[in-house]
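This is protein_3.cif. It holds mmCIF, C-alpha atoms.
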data_query
loop_
_atom_site.label_atom_id
_atom_site.label_comp_id
_atom_site.auth_asym_id
_atom_site.auth_seq_id
_atom_site.Cartn_x
_atom_site.Cartn_y
_atom_site.Cartn_z
CA CYS A 19 -90.74 97.31 -21.46
CA GLU A 20 -88.84 99.97 -19.57
CA ILE A 21 -85.16 99.33 -20.17
CA GLY A 22 -82.63 100.33 -17.57
CA MET A 23 -78.91 99.65 -17.86
CA GLY A 24 -77.91 97.25 -20.61
CA PRO A 25 -80.01 97.54 -23.77
CA PRO A 26 -81.81 94.41 -24.97
CA SER A 27 -79.97 94.51 -28.29
CA MET A 28 -76.66 93.87 -26.51
CA ALA A 29 -78.18 91.09 -24.41
CA ALA A 30 -79.67 89.57 -27.58
CA ALA A 31 -76.26 89.72 -29.24
CA ALA A 32 -74.77 87.83 -26.29
CA LEU A 33 -77.46 85.15 -26.67
CA LEU A 34 -76.88 84.84 -30.40
CA ALA A 35 -73.14 84.47 -29.83
CA GLY A 36 -73.57 81.75 -27.19
CA ARG A 37 -74.35 78.07 -27.60
CA ARG A 38 -74.79 77.04 -23.98
CA VAL A 39 -77.44 78.81 -21.92
CA CYS A 40 -78.39 78.25 -18.28
CA ALA A 41 -81.16 80.03 -16.43
CA LEU A 42 -82.03 80.83 -12.83
CA ILE A 43 -85.67 81.84 -12.43
CA GLY A 44 -87.83 83.01 -9.55
CA ALA A 45 -91.40 83.85 -8.65
CA GLY A 46 -91.51 86.96 -10.84
CA LEU A 47 -91.61 84.75 -13.93
CA SER A 48 -94.90 83.16 -12.81
CA VAL A 49 -96.82 86.31 -11.89
CA SER A 50 -98.61 86.49 -15.27
CA SER A 51 -100.03 83.02 -14.60
CA GLY A 52 -101.91 84.37 -11.60
CA ILE A 53 -99.57 82.83 -9.02
CA PRO A 54 -98.62 85.38 -6.34
CA ASP A 55 -95.02 86.56 -6.05
CA PHE A 56 -93.48 85.98 -2.63
CA ARG A 57 -90.87 88.67 -2.04
CA SER A 58 -91.95 91.67 -4.11
CA PRO A 59 -93.97 94.53 -2.57
CA GLY A 60 -97.54 93.27 -2.35
CA GLY A 61 -96.36 89.67 -2.55
CA MET A 62 -97.27 86.82 -0.22
CA TYR A 63 -94.62 87.61 2.39
CA ASP A 64 -95.24 91.36 2.27
CA THR A 65 -98.97 90.90 2.89
CA LEU A 66 -98.69 88.04 5.41
CA ARG A 67 -101.12 88.44 8.31
CA PRO A 68 -99.97 86.07 11.08
CA GLU A 69 -103.05 86.89 13.18
CA LEU A 70 -105.20 84.96 10.68
CA LEU A 71 -103.15 81.79 10.99
CA THR A 72 -103.61 78.96 13.47
CA ALA A 73 -100.47 79.60 15.49
CA SER A 74 -99.22 80.39 18.97
CA GLU A 75 -98.35 83.99 19.83
CA LEU A 76 -94.67 83.01 19.86
CA GLU A 77 -95.00 81.64 16.31
CA ARG A 78 -96.86 84.76 15.17
CA ARG A 79 -94.11 86.99 16.56
CA ALA A 80 -91.54 84.94 14.63
CA MET A 81 -93.56 85.41 11.41
CA ARG A 82 -93.89 89.16 11.96
CA ALA A 83 -90.14 89.44 12.45
CA ASP A 84 -89.43 87.26 9.39
CA PRO A 85 -92.35 86.26 7.14
CA THR A 86 -90.37 83.33 5.72
CA ALA A 87 -90.74 81.67 9.13
CA VAL A 88 -94.20 80.54 7.98
CA VAL A 89 -92.47 78.08 5.62
CA SER A 90 -89.66 77.08 7.97
CA TRP A 91 -88.94 73.65 9.41
CA GLU A 92 -88.71 75.23 12.86
CA ILE A 93 -92.42 76.10 12.83
CA PHE A 94 -93.69 73.30 10.57
CA SER A 95 -92.08 70.60 12.72
CA ARG A 96 -94.30 71.76 15.60
CA ASN A 97 -97.30 73.13 13.73
CA GLN A 98 -98.13 72.32 10.10
CA LEU A 99 -101.24 74.48 9.93
CA PRO A 100 -99.78 77.95 9.11
CA TYR A 101 -98.00 76.53 6.05
CA LEU A 102 -101.16 74.81 4.79
CA GLU A 103 -103.42 77.79 5.51
CA LEU A 104 -101.12 80.25 3.74
CA ARG A 105 -100.82 78.07 0.64
CA ARG A 106 -104.32 76.57 0.56
CA PRO A 107 -105.57 78.10 -2.74
CA PHE A 108 -102.12 77.85 -4.30
CA MET A 109 -101.84 74.13 -3.50
CA LEU A 110 -105.34 73.35 -4.74
CA GLY A 111 -104.79 75.37 -7.91
CA VAL A 112 -101.64 73.41 -8.79
CA LEU A 113 -102.58 69.94 -7.52
CA ASP A 114 -106.31 69.56 -8.12
CA LYS A 115 -106.70 68.37 -11.71
CA GLU A 116 -110.48 68.18 -11.39
CA GLU A 117 -110.82 71.88 -10.61
CA LYS A 118 -112.71 73.44 -13.57
CA GLY A 119 -111.64 70.45 -15.65
CA LYS A 120 -108.34 72.12 -16.47
CA ASP A 121 -105.13 73.40 -14.94
CA THR A 122 -105.72 76.56 -12.92
CA TYR A 123 -102.26 77.92 -13.69
CA LYS A 124 -100.45 77.91 -17.04
CA PRO A 125 -96.86 78.79 -17.95
CA THR A 126 -96.10 82.35 -19.03
CA LEU A 127 -94.41 83.83 -22.09
CA GLY A 128 -91.24 83.95 -20.00
CA HIS A 129 -91.41 80.20 -19.35
CA PHE A 130 -91.83 79.47 -23.05
CA PHE A 131 -88.86 81.71 -23.93
CA PHE A 132 -86.75 78.97 -22.34
CA ARG A 133 -88.68 76.30 -24.25
CA VAL A 134 -87.64 78.09 -27.44
CA CYS A 135 -84.04 78.14 -26.15
CA HIS A 136 -84.34 74.37 -25.75
CA ASP A 137 -85.86 73.96 -29.23
CA LYS A 138 -82.87 75.79 -30.69
CA GLY A 139 -80.39 73.56 -28.86
CA LEU A 140 -79.22 76.34 -26.54
CA LEU A 141 -80.64 75.41 -23.13
CA LYS A 142 -78.28 73.42 -20.96
CA ARG A 143 -80.10 73.69 -17.62
CA LEU A 144 -82.98 75.57 -16.03
CA TYR A 145 -82.64 76.15 -12.29
CA THR A 146 -86.03 77.12 -10.90
CA GLN A 147 -86.60 78.50 -7.42
CA ASN A 148 -90.34 78.23 -8.05
CA ILE A 149 -92.42 75.50 -6.48
CA ASP A 150 -95.35 75.90 -8.88
CA GLY A 151 -94.25 73.24 -11.40
CA LEU A 152 -94.99 75.46 -14.41
CA ASP A 153 -91.55 74.81 -15.88
CA TYR A 154 -92.50 71.16 -16.39
CA LYS A 155 -95.62 72.16 -18.36
CA THR A 156 -93.53 73.74 -21.14
CA GLY A 157 -92.25 70.43 -22.49
CA ILE A 158 -88.64 71.10 -21.51
CA PRO A 159 -87.17 67.66 -20.64
CA ASN A 160 -87.19 66.93 -16.91
CA ASP A 161 -83.46 66.26 -16.84
CA LYS A 162 -82.83 69.87 -17.90
CA ILE A 163 -84.84 71.26 -14.97
CA ILE A 164 -83.60 71.45 -11.38
CA SER A 165 -86.27 72.45 -8.86
CA VAL A 166 -84.02 74.08 -6.30
CA HIS A 167 -86.78 74.47 -3.70
CA GLY A 168 -88.84 71.40 -4.55
CA SER A 169 -92.27 71.30 -6.18
CA LEU A 170 -95.95 71.45 -5.36
CA GLY A 171 -96.50 68.81 -8.00
CA ARG A 172 -96.28 65.92 -5.54
CA VAL A 173 -97.13 65.39 -1.87
CA GLU A 174 -95.20 63.53 0.81
CA CYS A 175 -94.61 63.28 4.54
CA GLU A 176 -91.83 65.63 5.59
CA GLY A 177 -90.92 63.18 8.33
CA CYS A 178 -90.72 59.72 6.72
CA LYS A 179 -90.90 60.88 3.04
CA THR A 180 -93.75 58.47 2.23
CA PRO A 181 -95.70 59.74 -0.83
CA TYR A 182 -99.27 60.88 -0.20
CA PRO A 183 -101.92 60.65 -2.97
CA SER A 184 -102.52 64.10 -4.45
CA GLU A 185 -106.25 63.60 -4.88
CA LYS A 186 -106.67 62.55 -1.24
CA PHE A 187 -104.49 65.46 -0.11
CA CYS A 188 -106.69 67.96 -1.97
CA SER A 189 -109.78 66.42 -0.37
CA GLU A 190 -108.18 66.62 3.08
CA VAL A 191 -107.13 70.25 2.53
CA ARG A 192 -110.69 71.19 1.54
CA GLU A 193 -112.17 69.41 4.56
CA LYS A 194 -109.57 70.24 7.22
CA ILE A 195 -107.80 73.51 6.38
CA LYS A 196 -109.54 76.84 6.88
CA ASP A 197 -109.55 79.48 4.13
CA ILE A 198 -107.92 82.70 5.35
CA TYR A 199 -108.64 84.34 1.97
CA ASN A 200 -112.45 83.92 2.18
CA ILE A 201 -112.60 82.31 -1.26
CA ASP A 202 -114.15 78.95 -0.35
CA GLU A 203 -117.45 79.25 1.51
CA HIS A 204 -117.40 75.52 2.22
CA ALA A 205 -114.05 75.59 4.03
CA PRO A 206 -114.02 74.69 7.74
CA LYS A 207 -113.88 77.45 10.35
CA GLU A 208 -110.98 75.82 12.17
CA SER A 209 -108.05 73.79 10.82
CA ARG A 210 -107.16 70.24 11.75
CA PRO A 211 -103.92 68.30 11.06
CA ILE A 212 -103.44 66.05 8.02
CA GLU A 213 -101.70 62.86 9.16
CA CYS A 214 -99.30 60.63 7.24
CA LEU A 215 -100.81 57.34 6.09
CA SER A 216 -97.59 55.55 7.05
CA CYS A 217 -96.08 57.07 10.22
CA GLY A 218 -99.21 58.87 11.41
CA LYS A 219 -97.42 62.17 12.07
CA PRO A 220 -99.06 65.46 11.00
CA LEU A 221 -96.24 66.35 8.61
CA VAL A 222 -97.93 65.91 5.21
CA LYS A 223 -97.35 68.69 2.67
CA PRO A 224 -96.28 69.26 -0.94
CA ALA A 225 -92.66 68.29 -1.60
CA THR A 226 -91.27 71.80 -1.23
CA VAL A 227 -88.05 72.61 0.61
CA LEU A 228 -88.67 74.30 3.95
CA TYR A 229 -86.23 76.86 5.29
CA GLY A 230 -83.77 74.94 7.44
CA ARG A 231 -83.94 71.74 5.32
CA ASN A 232 -81.55 70.39 2.67
CA LEU A 233 -81.85 71.25 -1.03
CA PRO A 234 -82.19 68.37 -3.53
CA PRO A 235 -78.88 66.58 -4.23
CA GLU A 236 -78.98 67.31 -7.98
CA PHE A 237 -78.50 71.01 -7.23
CA TRP A 238 -75.18 70.34 -5.52
CA GLU A 239 -74.16 67.75 -8.12
CA ARG A 240 -74.74 69.97 -11.18
CA LYS A 241 -74.19 73.61 -10.24
CA ASP A 242 -70.39 73.91 -10.48
CA GLU A 243 -70.04 72.11 -13.79
CA ASP A 244 -73.06 73.89 -15.31
CA MET A 245 -71.88 77.37 -14.32
CA GLN A 246 -68.36 76.80 -15.62
CA ASP A 247 -69.46 75.28 -18.91
CA LEU A 248 -71.80 77.94 -20.27
CA ASP A 249 -71.85 81.05 -22.45
CA VAL A 250 -74.90 82.86 -21.04
CA LEU A 251 -76.67 82.83 -17.67
CA ILE A 252 -80.16 84.35 -17.67
CA VAL A 253 -81.48 85.38 -14.26
CA ALA A 254 -85.21 86.20 -14.33
CA GLY A 255 -87.85 87.22 -11.81
CA THR A 256 -85.76 86.69 -8.69
CA SER A 257 -84.52 89.00 -5.95
CA LEU A 258 -81.26 87.01 -5.71
CA ALA A 259 -81.81 87.17 -1.95
CA VAL A 260 -82.05 83.45 -1.18
CA GLN A 261 -78.92 81.37 -0.84
CA PRO A 262 -77.55 79.06 -2.03
CA ALA A 263 -79.50 79.49 -5.30
CA ALA A 264 -78.32 83.11 -5.66
CA SER A 265 -74.70 81.94 -5.53
CA LEU A 266 -75.01 80.59 -9.08
CA VAL A 267 -74.22 84.05 -10.47
CA THR A 268 -70.88 83.99 -8.64
CA LEU A 269 -69.89 80.58 -10.05
CA THR A 270 -69.99 81.43 -13.76
CA ASN A 271 -66.79 81.45 -15.77
CA LYS A 272 -65.31 84.90 -16.51
CA ARG A 273 -66.20 84.74 -20.22
CA SER A 274 -69.92 84.13 -19.83
CA ALA A 275 -72.57 86.85 -20.14
CA ARG A 276 -75.03 87.38 -17.29
CA ILE A 277 -78.45 88.75 -18.25
CA VAL A 278 -80.73 89.85 -15.41
CA VAL A 279 -84.45 90.38 -16.11
CA ASN A 280 -86.33 91.90 -13.18
CA LYS A 281 -88.56 94.79 -12.10
CA GLU A 282 -85.91 96.05 -9.69
CA GLU A 283 -82.15 96.03 -9.98
CA VAL A 284 -80.59 93.11 -8.09
CA GLY A 285 -77.27 91.35 -7.72
CA ARG A 286 -74.72 94.08 -7.08
CA GLY A 287 -73.76 92.45 -3.80
CA LEU A 288 -72.99 89.29 -5.75
CA GLY A 289 -70.55 91.00 -8.10
CA LEU A 290 -72.85 91.98 -10.97
CA ASN A 291 -71.62 95.19 -12.61
CA TYR A 292 -74.07 96.68 -15.08
CA GLU A 293 -72.03 99.77 -15.96
CA LYS A 294 -69.42 97.86 -17.93
CA ASN A 295 -71.98 96.26 -20.27
CA ASP A 296 -69.39 93.89 -21.65
CA ARG A 297 -70.61 90.98 -19.55
CA ASP A 298 -73.51 91.96 -17.28
CA PHE A 299 -76.85 93.25 -18.59
CA PHE A 300 -79.84 94.48 -16.58
CA LEU A 301 -83.16 94.50 -18.45
CA GLN A 302 -85.77 96.22 -16.29
CA GLY A 303 -89.47 95.53 -16.51
CA GLU A 304 -92.15 92.87 -16.22
CA THR A 305 -90.64 89.56 -17.28
CA ASP A 306 -93.15 88.78 -20.05
CA ARG A 307 -92.60 92.15 -21.70
CA VAL A 308 -88.83 91.95 -21.46
CA PHE A 309 -88.73 88.43 -22.94
CA LEU A 310 -91.09 89.51 -25.72
CA ASP A 311 -88.69 92.36 -26.50
CA LEU A 312 -85.75 89.93 -26.48
CA ALA A 313 -87.65 87.52 -28.74
CA ASP A 314 -88.27 90.40 -31.14
CA GLN A 315 -84.55 91.24 -31.17
CA LEU A 316 -83.73 87.56 -31.80
CA ASN A 317 -86.46 87.03 -34.43
CA TRP A 318 -88.00 84.37 -32.17
CA LYS A 319 -91.55 85.75 -31.96
CA GLU A 320 -92.94 83.24 -34.45
CA ASP A 321 -91.29 80.45 -32.44
CA LEU A 322 -93.05 81.71 -29.31
CA LYS A 323 -96.41 81.97 -31.06
CA LYS A 324 -96.40 78.20 -31.62
CA TYR A 325 -96.99 77.87 -27.87
CA ALA A 326 -99.52 80.68 -27.43
CA ASN A 327 -102.42 78.27 -26.80
CA LEU A 328 -100.49 76.71 -23.89
CA MET A 329 -99.69 80.03 -22.20
CA ALA A 330 -101.45 81.91 -19.45
CA ASP A 331 -104.17 84.08 -20.95
CA SER A 332 -102.44 87.40 -20.27
CA SER A 333 -99.17 86.13 -21.75
CA ALA A 334 -100.87 84.86 -24.91
CA ALA A 335 -102.76 88.15 -25.32
CA LEU A 336 -99.56 90.15 -25.00
CA LEU A 337 -97.76 87.97 -27.54
CA LEU A 338 -100.54 87.87 -30.13
CA SER A 339 -101.17 91.60 -29.95
CA SER A 340 -97.52 92.50 -30.55
#
Structure translated into structure tokens:
Amino acid sequence: CEIGMGPPSMAAAALLAGRRVCALIGAGLSVSSGIPDFRSPGGMYDTLRPELLTASELERRAMRADPTAVVSWEIFSRNQLPYLELRRPFMLGVLDKEEKGKDTYKPTLGHFFFRVCHDKGLLKRLYTQNIDGLDYKTGIPNDKIISVHGSLGRVECEGCKTPYPSEKFCSEVREKIKDIYNIDEHAPKESRPIECLSCGKPLVKPATVLYGRNLPPEFWERKDEDMQDLDVLIVAGTSLAVQPAASLVTLTNKRSARIVVNKEEVGRGLGLNYEKNDRDFFLQGETDRVFLDLADQLNWKEDLKKYANLMADSSAALLLSS
């Protein structure tokens, strides 16, 4: 990987010296699985085309001004269709277990780096901003994972919170939600609402947190204690642009190391100072390659290879060819 400020050997030394590791991960960690990034250039928000979505002109203007409006409560409360159209293939790929007889998306080398941290008794908590559920496929215990923005792994009514069967939801999405990506030739030409089986309102969607809605209570209950009682915080594949998740880097105790793995430098506005190199480390590059380099420094490559058959194809190929 291309290393910027903070060599991996120093970051590896910080990991070896620590016994309590927390992580904050974002969409960049899942890119190798085939799941699109949201905020990076070329990502889902950057390439959003509001004119393709079933929306009013007022709603389209809001999305052009701020692409995250497509996943906001303000729009979803009035019109669920843009959310479902944007995420149609993503939802089906995560939720539909019958698709191809296997999971469409698999965890990456980066995900399994944290599984190895857990195996070695180092991982205290994994805070994931991702909604793809890949963290749970690594075998890390559920109580060590906090899904800050919810998960696509289950479906519910945003209004009354009544669970909705995943299999039925996938069937409804295929029959009622148009395909703006032109992947599914059997998709309808126009979208229709999916109504709750309990309250009847058209507010059914995966259990992700919309902008303007509350984060899960376990985030608020755990964050302060976790960030004070740790030796190393690893931040990976995130722009650190979304609060309050990004605030975790500001809550760490003054003795802990902060390792940032990302394609672009982030976090200076949150107090990260990479020049000192005594606490903050920036490792620049694609997350899989950086974590493979770290694993090499830590002599963890053989530990990672135990999970190669569970990884996304590109991650496994990178690992086994190294």
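With all atoms listed in the file as the basis for measurement, A:Leu152 is the residue among A:Cys135, A:Thr72, A:Leu152, A:Ala32 that approaches A:Leu328 most closely.
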Residues selected by the PyMOL selection byres ((chain A and resi 53) around 12), written as a ChimeraX atom specification: /A:44-52,54-56,61-62,105,107-112,122-126,148-152,330
Take the point (-96.3, 62.3, 9.3) as written in the file and pick out every residue within 7 Å of it, counting only C-alpha atoms; give the list as a VMD selection string. chain A and resid 175 to 178 213 to 214 217 to 222
What's the separation between atom CA of A:Arg143 and atom CA of A:Val39, in Å to one decimal place?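 We find that atom CA of A:Arg143 and atom CA of A:Val39 lie 7.2 Å from each other.
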Counting all atoms listed in the file, the residue of A:Arg276, A:Lys223, A:His167, A:Arg210 that sits nearest A:Ser184: A:Lys223
With the cut-off set at 12 Å and counting only C-alpha atoms, tabulate each residue of stretch 114-177 of chain A with an atom at most that distance from an atom of stretch 244-250 of chain A, showing the nearest atom pair and its distance in Å to one decimal, ordered by chain and increasing number, as a Markdown table.
| residue | atom | partner | partner_atom | distance |
| --- | --- | --- | --- | --- |
| A:Cys135 | CA | A:Val250 | CA | 11.5 |
| A:Leu140 | CA | A:Val250 | CA | 9.6 |
| A:Leu141 | CA | A:Leu248 | CA | 9.6 |
| A:Lys142 | CA | A:Asp244 | CA | 7.7 |
| A:Arg143 | CA | A:Asp244 | CA | 7.4 |
| A:Leu144 | CA | A:Asp244 | CA | 10.1 |
| A:Tyr145 | CA | A:Asp244 | CA | 10.3 |
| A:Lys162 | CA | A:Asp244 | CA | 10.9 |
| A:Ile164 | CA | A:Asp244 | CA | 11.5 |
Would you save stretch 218-245 of chain A from the block above with N, CA, C and O atoms, as a PDB file, in the first residue's frame?
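Result went into result11.pdb, see below:
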ATOM      1  N   GLY A 218     -50.326  -0.620   8.469  1.00  0.00           N
ATOM      2  CA  GLY A 218     -50.778  -0.316   7.119  1.00  0.00           C
ATOM      3  C   GLY A 218     -50.101   0.872   6.462  1.00  0.00           C
ATOM      4  O   GLY A 218     -50.384   1.202   5.312  1.00  0.00           O
ATOM      5  N   LYS A 219     -49.169   1.528   7.161  1.00  0.00           N
ATOM      6  CA  LYS A 219     -48.506   2.701   6.579  1.00  0.00           C
ATOM      7  C   LYS A 219     -47.356   2.262   5.661  1.00  0.00           C
ATOM      8  O   LYS A 219     -46.726   1.234   5.900  1.00  0.00           O
ATOM      9  N   PRO A 220     -47.065   3.048   4.635  1.00  0.00           N
ATOM     10  CA  PRO A 220     -46.004   2.680   3.678  1.00  0.00           C
ATOM     11  C   PRO A 220     -44.620   3.081   4.182  1.00  0.00           C
ATOM     12  O   PRO A 220     -43.891   3.841   3.538  1.00  0.00           O
ATOM     13  N   LEU A 221     -44.245   2.550   5.343  1.00  0.00           N
ATOM     14  CA  LEU A 221     -42.986   2.947   5.983  1.00  0.00           C
ATOM     15  C   LEU A 221     -42.057   1.751   6.222  1.00  0.00           C
ATOM     16  O   LEU A 221     -41.186   1.791   7.093  1.00  0.00           O
ATOM     17  N   VAL A 222     -42.233   0.689   5.443  1.00  0.00           N
ATOM     18  CA  VAL A 222     -41.432  -0.524   5.630  1.00  0.00           C
ATOM     19  C   VAL A 222     -40.073  -0.366   4.948  1.00  0.00           C
ATOM     20  O   VAL A 222     -39.988   0.050   3.789  1.00  0.00           O
ATOM     21  N   LYS A 223     -39.021  -0.719   5.664  1.00  0.00           N
ATOM     22  CA  LYS A 223     -37.661  -0.631   5.132  1.00  0.00           C
ATOM     23  C   LYS A 223     -36.719  -1.424   6.034  1.00  0.00           C
ATOM     24  O   LYS A 223     -37.095  -1.800   7.147  1.00  0.00           O
ATOM     25  N   PRO A 224     -35.488  -1.696   5.574  1.00  0.00           N
ATOM     26  CA  PRO A 224     -34.507  -2.297   6.481  1.00  0.00           C
ATOM     27  C   PRO A 224     -34.279  -1.415   7.705  1.00  0.00           C
ATOM     28  O   PRO A 224     -34.490  -0.193   7.652  1.00  0.00           O
ATOM     29  N   ALA A 225     -33.847  -2.024   8.781  1.00  0.00           N
ATOM     30  CA  ALA A 225     -33.722  -1.317  10.070  1.00  0.00           C
ATOM     31  C   ALA A 225     -32.459  -0.475  10.137  1.00  0.00           C
ATOM     32  O   ALA A 225     -31.601  -0.633  11.009  1.00  0.00           O
ATOM     33  N   THR A 226     -32.327   0.442   9.166  1.00  0.00           N
ATOM     34  CA  THR A 226     -31.214   1.381   9.161  1.00  0.00           C
ATOM     35  C   THR A 226     -31.674   2.701   9.757  1.00  0.00           C
ATOM     36  O   THR A 226     -32.866   3.012   9.758  1.00  0.00           O
ATOM     37  N   VAL A 227     -30.713   3.482  10.256  1.00  0.00           N
ATOM     38  CA  VAL A 227     -31.039   4.762  10.879  1.00  0.00           C
ATOM     39  C   VAL A 227     -31.068   5.846   9.814  1.00  0.00           C
ATOM     40  O   VAL A 227     -30.066   6.104   9.140  1.00  0.00           O
ATOM     41  N   LEU A 228     -32.211   6.475   9.649  1.00  0.00           N
ATOM     42  CA  LEU A 228     -32.339   7.579   8.705  1.00  0.00           C
ATOM     43  C   LEU A 228     -31.762   8.857   9.307  1.00  0.00           C
ATOM     44  O   LEU A 228     -31.763   9.033  10.536  1.00  0.00           O
ATOM     45  N   TYR A 229     -31.267   9.738   8.449  1.00  0.00           N
ATOM     46  CA  TYR A 229     -30.853  11.049   8.944  1.00  0.00           C
ATOM     47  C   TYR A 229     -32.063  11.736   9.568  1.00  0.00           C
ATOM     48  O   TYR A 229     -33.148  11.752   9.009  1.00  0.00           O
ATOM     49  N   GLY A 230     -31.850  12.275  10.774  1.00  0.00           N
ATOM     50  CA  GLY A 230     -32.942  12.912  11.499  1.00  0.00           C
ATOM     51  C   GLY A 230     -33.616  12.002  12.510  1.00  0.00           C
ATOM     52  O   GLY A 230     -34.557  12.427  13.189  1.00  0.00           O
ATOM     53  N   ARG A 231     -33.152  10.746  12.630  1.00  0.00           N
ATOM     54  CA  ARG A 231     -33.702   9.794  13.606  1.00  0.00           C
ATOM     55  C   ARG A 231     -32.630   9.445  14.645  1.00  0.00           C
ATOM     56  O   ARG A 231     -31.435   9.681  14.449  1.00  0.00           O
ATOM     57  N   ASN A 232     -33.053   8.857  15.754  1.00  0.00           N
ATOM     58  CA  ASN A 232     -32.149   8.559  16.863  1.00  0.00           C
ATOM     59  C   ASN A 232     -31.268   7.347  16.579  1.00  0.00           C
ATOM     60  O   ASN A 232     -31.703   6.363  15.967  1.00  0.00           O
ATOM     61  N   LEU A 233     -30.015   7.403  17.048  1.00  0.00           N
ATOM     62  CA  LEU A 233     -29.121   6.253  16.976  1.00  0.00           C
ATOM     63  C   LEU A 233     -29.533   5.227  18.027  1.00  0.00           C
ATOM     64  O   LEU A 233     -30.229   5.553  18.994  1.00  0.00           O
ATOM     65  N   PRO A 234     -29.093   3.965  17.878  1.00  0.00           N
ATOM     66  CA  PRO A 234     -29.457   2.933  18.858  1.00  0.00           C
ATOM     67  C   PRO A 234     -28.926   3.271  20.244  1.00  0.00           C
ATOM     68  O   PRO A 234     -27.843   3.844  20.385  1.00  0.00           O
ATOM     69  N   PRO A 235     -29.669   2.934  21.298  1.00  0.00           N
ATOM     70  CA  PRO A 235     -29.277   3.322  22.661  1.00  0.00           C
ATOM     71  C   PRO A 235     -27.927   2.768  23.091  1.00  0.00           C
ATOM     72  O   PRO A 235     -27.217   3.401  23.880  1.00  0.00           O
ATOM     73  N   GLU A 236     -27.525   1.586  22.579  1.00  0.00           N
ATOM     74  CA  GLU A 236     -26.251   1.011  23.016  1.00  0.00           C
ATOM     75  C   GLU A 236     -25.060   1.883  22.611  1.00  0.00           C
ATOM     76  O   GLU A 236     -24.004   1.840  23.261  1.00  0.00           O
ATOM     77  N   PHE A 237     -25.199   2.677  21.558  1.00  0.00           N
ATOM     78  CA  PHE A 237     -24.119   3.593  21.186  1.00  0.00           C
ATOM     79  C   PHE A 237     -23.879   4.598  22.307  1.00  0.00           C
ATOM     80  O   PHE A 237     -22.743   4.817  22.731  1.00  0.00           O
ATOM     81  N   TRP A 238     -24.959   5.195  22.778  1.00  0.00           N
ATOM     82  CA  TRP A 238     -24.831   6.208  23.833  1.00  0.00           C
ATOM     83  C   TRP A 238     -24.398   5.576  25.154  1.00  0.00           C
ATOM     84  O   TRP A 238     -23.673   6.198  25.940  1.00  0.00           O
ATOM     85  N   GLU A 239     -24.837   4.352  25.396  1.00  0.00           N
ATOM     86  CA  GLU A 239     -24.525   3.690  26.667  1.00  0.00           C
ATOM     87  C   GLU A 239     -23.060   3.245  26.767  1.00  0.00           C
ATOM     88  O   GLU A 239     -22.508   3.187  27.864  1.00  0.00           O
ATOM     89  N   ARG A 240     -22.426   2.934  25.649  1.00  0.00           N
ATOM     90  CA  ARG A 240     -21.092   2.330  25.659  1.00  0.00           C
ATOM     91  C   ARG A 240     -19.949   3.278  25.315  1.00  0.00           C
ATOM     92  O   ARG A 240     -18.817   3.051  25.737  1.00  0.00           O
ATOM     93  N   LYS A 241     -20.200   4.299  24.523  1.00  0.00           N
ATOM     94  CA  LYS A 241     -19.121   5.041  23.884  1.00  0.00           C
ATOM     95  C   LYS A 241     -18.140   5.684  24.864  1.00  0.00           C
ATOM     96  O   LYS A 241     -16.921   5.584  24.669  1.00  0.00           O
ATOM     97  N   ASP A 242     -18.617   6.332  25.898  1.00  0.00           N
ATOM     98  CA  ASP A 242     -17.708   7.039  26.811  1.00  0.00           C
ATOM     99  C   ASP A 242     -16.798   6.076  27.553  1.00  0.00           C
ATOM    100  O   ASP A 242     -15.580   6.277  27.614  1.00  0.00           O
ATOM    101  N   GLU A 243     -17.373   5.017  28.110  1.00  0.00           N
ATOM    102  CA  GLU A 243     -16.566   4.040  28.835  1.00  0.00           C
ATOM    103  C   GLU A 243     -15.575   3.344  27.906  1.00  0.00           C
ATOM    104  O   GLU A 243     -14.401   3.175  28.241  1.00  0.00           O
ATOM    105  N   ASP A 244     -16.041   2.944  26.714  1.00  0.00           N
ATOM    106  CA  ASP A 244     -15.160   2.254  25.769  1.00  0.00           C
ATOM    107  C   ASP A 244     -13.978   3.120  25.364  1.00  0.00           C
ATOM    108  O   ASP A 244     -12.836   2.651  25.294  1.00  0.00           O
ATOM    109  N   MET A 245     -14.227   4.385  25.061  1.00  0.00           N
ATOM    110  CA  MET A 245     -13.157   5.255  24.567  1.00  0.00           C
ATOM    111  C   MET A 245     -12.170   5.649  25.661  1.00  0.00           C
ATOM    112  O   MET A 245     -11.010   5.943  25.389  1.00  0.00           O
TER     113      MET A 245
END
